[in-house]
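S.K.: Here's a structure for you.
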Amino acid sequence: MKRLLIVGAGGFIGGFIAGRALGSGYDTTVGVRPSTSRSRLTDERLKVLEFDYDDPAAVKSVLESVPEKWDYVIYNLGATKCASFPDFNRINFQYLRTFATALKESGKMPEKFLYVSSLSAIGPGDEKGYAPISEQMIPRPNTRYGLSKVKSEQWLETLSGLPWIIFRPTGVYGPHEQDYLMMIKSIDRHFDFGVGYRKQLLTFIYVEDLVEAMFMAMEKAPVCRRYNISEPRSYSQAEFRRIVAEELGRKVVVPLRLPLWAVKGVSYIAQKAGLFTGKPSTLNLDKYKIMKQRNWQCTTDAATRDFGFTAPTSLREGIRRTVAAYRSAR
């Protein structure tokens, strides 16, 4: 029985990773912070470790308390929105550095260490010719989130002896995810809000497909490689709106396009309000830059070549499942 440690298991993606691991017979341990919700980690077969990532000695002590090392580690811990860059740096970079260093020093180095990064680590691609973003592109992140992710990627490369694999998923959606759920709710109310007037190409990956790719990579992929993870096609905003509307049964949806300058202004104000309250706003300058980006196409052939992964779930099928979960939760 293979042993797996999932770091950052309490969130949207982490719950699916844990379920897939148990379903495949893995001896599964989940690493969580004391404050992490356990609502999707209730299976009694799960072993739970609590980590205080602000205390490197405590992290190392917890790892040393486990008698055997894990075959695989999936590092899924991270924040997608924070009130300030120091928060992004602390959660997305310093916590990773603390954990990976403690893993090595405690003698618990796994066969493979899969780090979940983001396509945002690359930054804007070809905004004129719309050439796909490839794994070979030099990262030029233009968001605080993307910068924290690429910083973590580059640090992993410097840790000798760490058998890393880096995933750069595009937009991840599915049941229990909140950002795309906001868009679905808006279309359910007959309104579709978009940003900018130039053509925008979007890419998506259904959460269960992303998780399946993780397990395929752990079992088959070579180490020290990066992979874009996406459905192997792109969609326009109009296609996305039409698919969601059809799955919701909404025949009339009013598309509302907001100019970039207006969205930037609102994002700036919302971000400042978040700094004042100490609570990160869903709408902020990072989010504005992500919405502004026109080309999210990316190559996916490396994952197909190296470990046989091609995302099987189309956007329509994934939205159908997501809408069904949304309706059942109302």
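Labels used: A, B, ... for chains in the order of the structure tokens, numbers from 1 for residues in each chain, and numbers from 1 for ligands as shown.
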Distance table requested - range 198-249 of chain A against range 68-89 of chain A, cut-off 10 Å, only C-alpha atoms: one row per qualifying residue with the closest atom pair and its distance in Å to one decimal, ordered by chain and rising residue number, as CSV.
M.R.:
residue,atom,partner,partner_atom,distance
A:Met214,CA,A:Ile74,CA,8.2
A:Phe215,CA,A:Ile74,CA,9.5
A:Met218,CA,A:Tyr72,CA,7.0
A:Glu219,CA,A:Tyr72,CA,9.2
S.K.: For the interface of range 131-171 of chain A with range 233-257 of chain A (cut-off 12 Å, counting only C-alpha atoms), please tabulate each contacting residue of range 131-171 of chain A alongside its nearest pair of atoms and their separation in Å to one decimal, rows sorted by chain and increasing number, as a tab-separated table.
M.R.:
residue	atom	partner	partner_atom	distance
A:Ala131	CA	A:Ser234	CA	11.7
A:Pro132	CA	A:Ser234	CA	9.8
A:Ile133	CA	A:Ser234	CA	11.8
A:Thr170	CA	A:Ser234	CA	10.8
A:Gly171	CA	A:Ser234	CA	11.3
S.K.: How about saving the chosen residues, N, CA and C atoms kept, as a PDB file, in the first residue's frame?
M.R.:
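Listing of part35.pdb after writing:
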ATOM      1  N   ALA A 131      -0.758  32.882 -29.235  1.00  0.00           N
ATOM      2  CA  ALA A 131      -0.024  31.619 -29.180  1.00  0.00           C
ATOM      3  C   ALA A 131      -0.174  31.027 -27.781  1.00  0.00           C
ATOM      4  N   PRO A 132      -0.302  29.714 -27.664  1.00  0.00           N
ATOM      5  CA  PRO A 132      -0.506  29.098 -26.345  1.00  0.00           C
ATOM      6  C   PRO A 132       0.694  29.292 -25.414  1.00  0.00           C
ATOM      7  N   ILE A 133       0.418  29.365 -24.125  1.00  0.00           N
ATOM      8  CA  ILE A 133       1.456  29.429 -23.096  1.00  0.00           C
ATOM      9  C   ILE A 133       2.081  28.040 -22.964  1.00  0.00           C
ATOM     10  N   THR A 170      -4.645  25.581 -14.998  1.00  0.00           N
ATOM     11  CA  THR A 170      -5.381  26.790 -15.360  1.00  0.00           C
ATOM     12  C   THR A 170      -6.576  26.924 -14.413  1.00  0.00           C
ATOM     13  N   GLY A 171      -7.649  27.603 -14.814  1.00  0.00           N
ATOM     14  CA  GLY A 171      -8.779  27.814 -13.923  1.00  0.00           C
ATOM     15  C   GLY A 171      -9.436  26.505 -13.497  1.00  0.00           C
TER      16      GLY A 171
END
S.K.: Run DSSP on the backbone and grab whatever in range 99-216 of chain A lands in strand (DSSP E or B); send it over as a VMD selection string.
M.R.: chain A and resid 112 to 116 133 164 to 169 171 to 173 191 to 195 201 to 202 204 to 206
S.K.: Apply DSSP to the backbone of this structure and, from range 86-298 of chain A, keep only the residues in helix (DSSP H, G or I); write these as a VMD selection string.
M.R.: chain A and resid 86 to 105 119 to 121 144 to 158 179 to 188 207 to 220 237 to 248 260 to 277 285 to 292
S.K.: Would you mind telling me which residue in A:Met137, A:Asp301, A:Met291, A:Ala18 lies nearest to Phe193 in chain A when using only C-alpha atoms?
M.R.: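 Among the listed residues, the smallest separation from Phe193 in chain A belongs to A:Met291.
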